[in-house]
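Participant: I'd like to ask some things about the structure below.
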Amino acid sequence: MAASRHDRRGDLREPVNAAHHPVMPRPLPLSALRAFEAAARTGSFRTAADDLNLTPSAVSHAIRGLEQALGAALFLREGRSIRLTNEGRTLMRHVERGFGELQLGIGSVSTQAPQLLRVHSAPSFAAQWLLPRLRRLLQEVEGLSVRIAAGTDYARFLPTDECDVDIVYGMPSPDHYGPAMHQNLIVLPLGTELVTPLCAPALAPAIRAPRDLLRQVLIESETKRVRWPAWFAANGQIAPEFRGPRFDRSFLSLSAAADELGVALESTRLAERELASGRLVQPLRDVCEDVVYTGHWLVFPRSMRFSRPLTLFVEWLGTELGLELDLDALDDSPA
C-alpha cells in the first residue's frame, strides 16, 4: 500500500529539500555588533567599554560570542592592544555602513534629531576663511548648528574632546593620532592653495620683480610649511637674512602686512577678505613663480561618515571650495 501523504493529524506533508531550503544564519545580537563596532573604531576594549558605558569584560565577552557565532576571529589580541583581522575589517565596513545608514535615516526624518556639528579648526583657517562664511553657512544649510573651536593641536575624537570634525594644517600622519586611531579616520584634502608675497598697496609700487623683495622688510610666518627660502629658491634668488617681524599664526602675519609692517608670504585663500577689500595686494602677480600646495585637510572618524550634520557641512564645504568632496565614494574604501 502506498504511503499516505497525510500524517495522523491530517497535515499535508512534503519532503524537505535542503537545496531549496537553505539554513538561514541565526540573527546576531545587536549589542554584540555595537561592542564590535566600538572596539574596532577605538582600537581598545577599554575605550569601547567607556564609550558604551559597559565594563571591559562585558565588551570582551560580547565580541568572543560574536566570533564564536561567526566562526571567525575578528581581532588579533597582542597584550593590551588589539587590531582587526582581515575578517574583522570586512565586517567593520558593513557594520559601519549599516549603523551609519540607520543614523542618517533617523536624522533625515526626525524633526527632533540634533543637527549640531562641533568643528575644530586650525586657527588661521577658522579666523580668515570659515568665520567670514559662517552666516552664509547657517543660512544655506537650514537647521544646522555649528560650534567652532580653534587650536593647533590635533583632535583626538574622544568624548571629552567635544569634536566631530577637524580642519588641520598639514596632512596628518599616524604619529599624530596613533596607528589604531589613524586607520579609523577619513582624511580629505581641501584643495590647493597659492602662496605668494602680499603687502599693503602703499608698498606695492616698489616691488616689480622678485629681487626687489631683498630691499623690503619680510614678515616671517614661523609655522608656515612654505616659507621665504623656498619661495626665493623657486624664483632663482637666495633668501636674505631675516630681521623682520615673526609670527606663529598666518592671520597675524596678514594683519601686520595690511598695516604696512612689511611683506608677508601667505596663502591667497586665507587672505581672501583682505585682497577683496584692497587692504592687501599681490605685487608680483603673474611675474613670479609662486608655490602651490595642499595646506588644509578635513579629518573625521569613519563613524561620523553617515552623520547628517557632517554630510550637510561637507557638501557645503565642497561647494564653497569648488571641490568634489564625494562621501559616497568612501563607502567602498577599506576600513
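Labeling convention for the C-alpha cells: chains A, B, ... as they appear, residues from 1 per chain, ligands from 1 in order of appearance.
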Write out as a ChimeraX atom specification which residues come within 6 Å of range 213-226 of chain A when counting only C-alpha atoms, dropping same-chain ones fewer than 4 positions away.
Facilitator: /A:244-248,262-264
Participant: DSSP on the backbone: what in range 20-261 of chain A comes out strand (DSSP E), as a PyMOL selection string?
Facilitator: chain A and resi 75-78+81-84+116-121+145-150+165-169+185-189+193-198+218-221+246-247
Participant: When you look at range 130-135 of chain A with a cut-off of 10 Å (counting only C-alpha atoms), what residues show up, excluding the ones that are within fewer than 3 positions of it in the same chain? I need them as a ChimeraX atom specification.
Facilitator: /A:121,123-127,138-140,146,148,270,272-273,317,320
Participant: Which residues are near range 298-315 of chain A? Cut-off 6 Å, only C-alpha atoms, ignore same chain within fewer than 4 positions. Put them as a PyMOL selection string.
Facilitator: chain A and resi 100+104+115+117+165-167+184-188
Participant: Env of Leu323 in chain A: 8 Å cut, atoms = only C-alpha atoms, seq-sep filter 5 positions within chain, self excluded. Answer as a JSON list (two decimals) with N, CA and C atoms, in the first residue's frame.
Facilitator:
[["chain", "number", "residue", "atom", "x", "y", "z"],
["A", 190, "LEU", "N", 41.66, 69.54, 1.20],
["A", 190, "LEU", "CA", 40.75, 70.66, 0.89],
["A", 190, "LEU", "C", 41.30, 71.52, -0.25],
["A", 191, "GLY", "N", 41.83, 70.88, -1.26],
["A", 191, "GLY", "CA", 42.28, 71.60, -2.44],
["A", 191, "GLY", "C", 43.63, 72.27, -2.25],
["A", 318, "GLY", "N", 32.46, 71.65, 0.17],
["A", 318, "GLY", "CA", 32.89, 71.36, -1.19],
["A", 318, "GLY", "C", 32.42, 72.41, -2.18]]
Participant: Neighbouring residues of Leu52 in chain A were defined as those with any atom within 10 Å, considering only C-alpha atoms; residues of the same chain fewer than 2 positions away were excluded. Please report them as a list in words.
Facilitator: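 Here the answer would be Ser31, Arg34, Ala35, Ala38, Ala39, Arg46, Thr47, Ala48, Ala49, Asp50, Leu54, Thr55, Pro56 and Val59 of chain A.
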Participant: Produce a file of the selected residues containing C-alpha atoms, as a JSON list (two decimals), in the first residue's frame.
Facilitator:
[["chain", "number", "residue", "atom", "x", "y", "z"],
["A", 31, "SER", "CA", 24.54, 44.59, 21.37],
["A", 34, "ARG", "CA", 27.66, 47.51, 18.85],
["A", 35, "ALA", "CA", 30.52, 46.28, 21.02],
["A", 38, "ALA", "CA", 33.09, 50.47, 19.23],
["A", 39, "ALA", "CA", 36.19, 48.29, 19.74],
["A", 46, "ARG", "CA", 38.57, 49.51, 27.48],
["A", 47, "THR", "CA", 37.83, 52.65, 25.47],
["A", 48, "ALA", "CA", 34.93, 50.89, 23.76],
["A", 49, "ALA", "CA", 33.57, 49.97, 27.18],
["A", 50, "ASP", "CA", 33.75, 53.61, 28.30],
["A", 54, "LEU", "CA", 29.92, 48.93, 29.92],
["A", 55, "THR", "CA", 32.75, 47.06, 31.61],
["A", 56, "PRO", "CA", 35.74, 45.93, 29.51],
["A", 59, "VAL", "CA", 32.75, 44.09, 25.74]]
Participant: What are the DSSP helix (DSSP H, G or I) residues of range 95-299 of chain A, as a ChimeraX atom specification?
Facilitator: /A:95-109,123-140,159-161,174-177,179-182,204-206,210-215,228-234,250-258,272-277
Participant: Could you dump the residues just selected with C-alpha atoms as a PDB file, in the first residue's frame?
Facilitator:
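Saved the output as out31.pdb:
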ATOM      1  CA  VAL A  95      28.575  47.184  10.273  1.00  0.00           C
ATOM      2  CA  GLU A  96      29.754  50.771   9.968  1.00  0.00           C
ATOM      3  CA  ARG A  97      27.618  51.289   6.887  1.00  0.00           C
ATOM      4  CA  GLY A  98      24.590  49.612   8.478  1.00  0.00           C
ATOM      5  CA  PHE A  99      24.695  51.692  11.668  1.00  0.00           C
ATOM      6  CA  GLY A 100      25.532  54.771   9.637  1.00  0.00           C
ATOM      7  CA  GLU A 101      22.605  54.402   7.260  1.00  0.00           C
ATOM      8  CA  LEU A 102      20.309  53.926  10.240  1.00  0.00           C
ATOM      9  CA  GLN A 103      21.677  57.063  11.883  1.00  0.00           C
ATOM     10  CA  LEU A 104      21.363  59.041   8.650  1.00  0.00           C
ATOM     11  CA  GLY A 105      17.802  57.841   8.103  1.00  0.00           C
ATOM     12  CA  ILE A 106      16.722  58.798  11.610  1.00  0.00           C
ATOM     13  CA  GLY A 107      18.313  62.226  11.217  1.00  0.00           C
ATOM     14  CA  SER A 108      16.565  62.750   7.885  1.00  0.00           C
ATOM     15  CA  VAL A 109      13.032  62.105   9.138  1.00  0.00           C
ATOM     16  CA  PRO A 123      43.275  78.996  13.959  1.00  0.00           C
ATOM     17  CA  SER A 124      44.027  80.919  10.758  1.00  0.00           C
ATOM     18  CA  PHE A 125      41.625  78.862   8.650  1.00  0.00           C
ATOM     19  CA  ALA A 126      38.901  79.451  11.243  1.00  0.00           C
ATOM     20  CA  ALA A 127      39.537  83.198  11.514  1.00  0.00           C
ATOM     21  CA  GLN A 128      40.282  84.003   7.874  1.00  0.00           C
ATOM     22  CA  TRP A 129      38.108  81.580   5.899  1.00  0.00           C
ATOM     23  CA  LEU A 130      35.458  79.829   7.970  1.00  0.00           C
ATOM     24  CA  LEU A 131      34.116  82.608  10.197  1.00  0.00           C
ATOM     25  CA  PRO A 132      33.572  85.087   7.341  1.00  0.00           C
ATOM     26  CA  ARG A 133      31.320  82.432   5.745  1.00  0.00           C
ATOM     27  CA  LEU A 134      29.558  81.318   8.903  1.00  0.00           C
ATOM     28  CA  ARG A 135      26.435  83.412   8.341  1.00  0.00           C
ATOM     29  CA  ARG A 136      26.098  82.058   4.803  1.00  0.00           C
ATOM     30  CA  LEU A 137      26.572  78.501   6.072  1.00  0.00           C
ATOM     31  CA  LEU A 138      23.799  78.860   8.646  1.00  0.00           C
ATOM     32  CA  GLN A 139      21.502  80.493   6.113  1.00  0.00           C
ATOM     33  CA  GLU A 140      22.065  77.960   3.351  1.00  0.00           C
ATOM     34  CA  PRO A 159      34.066  62.013  24.166  1.00  0.00           C
ATOM     35  CA  THR A 160      35.959  64.581  26.247  1.00  0.00           C
ATOM     36  CA  ASP A 161      37.152  66.387  23.095  1.00  0.00           C
ATOM     37  CA  PRO A 174      49.671  58.159  12.109  1.00  0.00           C
ATOM     38  CA  ASP A 175      52.129  59.782  14.531  1.00  0.00           C
ATOM     39  CA  HIS A 176      49.556  62.472  15.297  1.00  0.00           C
ATOM     40  CA  TYR A 177      46.836  60.039  16.368  1.00  0.00           C
ATOM     41  CA  PRO A 179      48.139  53.803  14.304  1.00  0.00           C
ATOM     42  CA  ALA A 180      44.942  52.334  15.790  1.00  0.00           C
ATOM     43  CA  MET A 181      43.026  55.600  15.649  1.00  0.00           C
ATOM     44  CA  HIS A 182      44.511  56.758  12.357  1.00  0.00           C
ATOM     45  CA  ALA A 204      53.474  97.629  -3.996  1.00  0.00           C
ATOM     46  CA  PRO A 205      54.978 100.246  -6.421  1.00  0.00           C
ATOM     47  CA  ALA A 206      58.491  99.461  -5.173  1.00  0.00           C
ATOM     48  CA  PRO A 210      61.448  89.084  -7.021  1.00  0.00           C
ATOM     49  CA  ARG A 211      64.831  90.776  -6.369  1.00  0.00           C
ATOM     50  CA  ASP A 212      63.009  93.915  -5.201  1.00  0.00           C
ATOM     51  CA  LEU A 213      61.914  91.994  -2.118  1.00  0.00           C
ATOM     52  CA  LEU A 214      65.550  91.935  -0.976  1.00  0.00           C
ATOM     53  CA  ARG A 215      65.133  95.602  -0.047  1.00  0.00           C
ATOM     54  CA  TRP A 228      60.622  82.555   2.252  1.00  0.00           C
ATOM     55  CA  PRO A 229      63.706  80.402   1.457  1.00  0.00           C
ATOM     56  CA  ALA A 230      61.563  78.039  -0.656  1.00  0.00           C
ATOM     57  CA  TRP A 231      59.888  80.930  -2.472  1.00  0.00           C
ATOM     58  CA  PHE A 232      63.177  82.711  -3.241  1.00  0.00           C
ATOM     59  CA  ALA A 233      64.695  79.430  -4.471  1.00  0.00           C
ATOM     60  CA  ALA A 234      61.735  78.915  -6.819  1.00  0.00           C
ATOM     61  CA  SER A 250      49.055  83.371   9.437  1.00  0.00           C
ATOM     62  CA  PHE A 251      46.263  85.736  10.458  1.00  0.00           C
ATOM     63  CA  LEU A 252      48.794  87.754  12.476  1.00  0.00           C
ATOM     64  CA  SER A 253      51.186  87.952   9.519  1.00  0.00           C
ATOM     65  CA  LEU A 254      48.356  89.074   7.245  1.00  0.00           C
ATOM     66  CA  SER A 255      47.266  91.742   9.701  1.00  0.00           C
ATOM     67  CA  ALA A 256      50.847  93.008  10.039  1.00  0.00           C
ATOM     68  CA  ALA A 257      51.216  93.187   6.258  1.00  0.00           C
ATOM     69  CA  ALA A 258      47.944  95.103   5.921  1.00  0.00           C
ATOM     70  CA  GLU A 272      40.576  86.483   0.536  1.00  0.00           C
ATOM     71  CA  ARG A 273      38.932  89.245   2.587  1.00  0.00           C
ATOM     72  CA  GLU A 274      41.977  91.493   2.613  1.00  0.00           C
ATOM     73  CA  LEU A 275      42.522  91.058  -1.127  1.00  0.00           C
ATOM     74  CA  ALA A 276      38.848  91.673  -1.899  1.00  0.00           C
ATOM     75  CA  SER A 277      38.792  94.861   0.203  1.00  0.00           C
TER      76      SER A 277
END
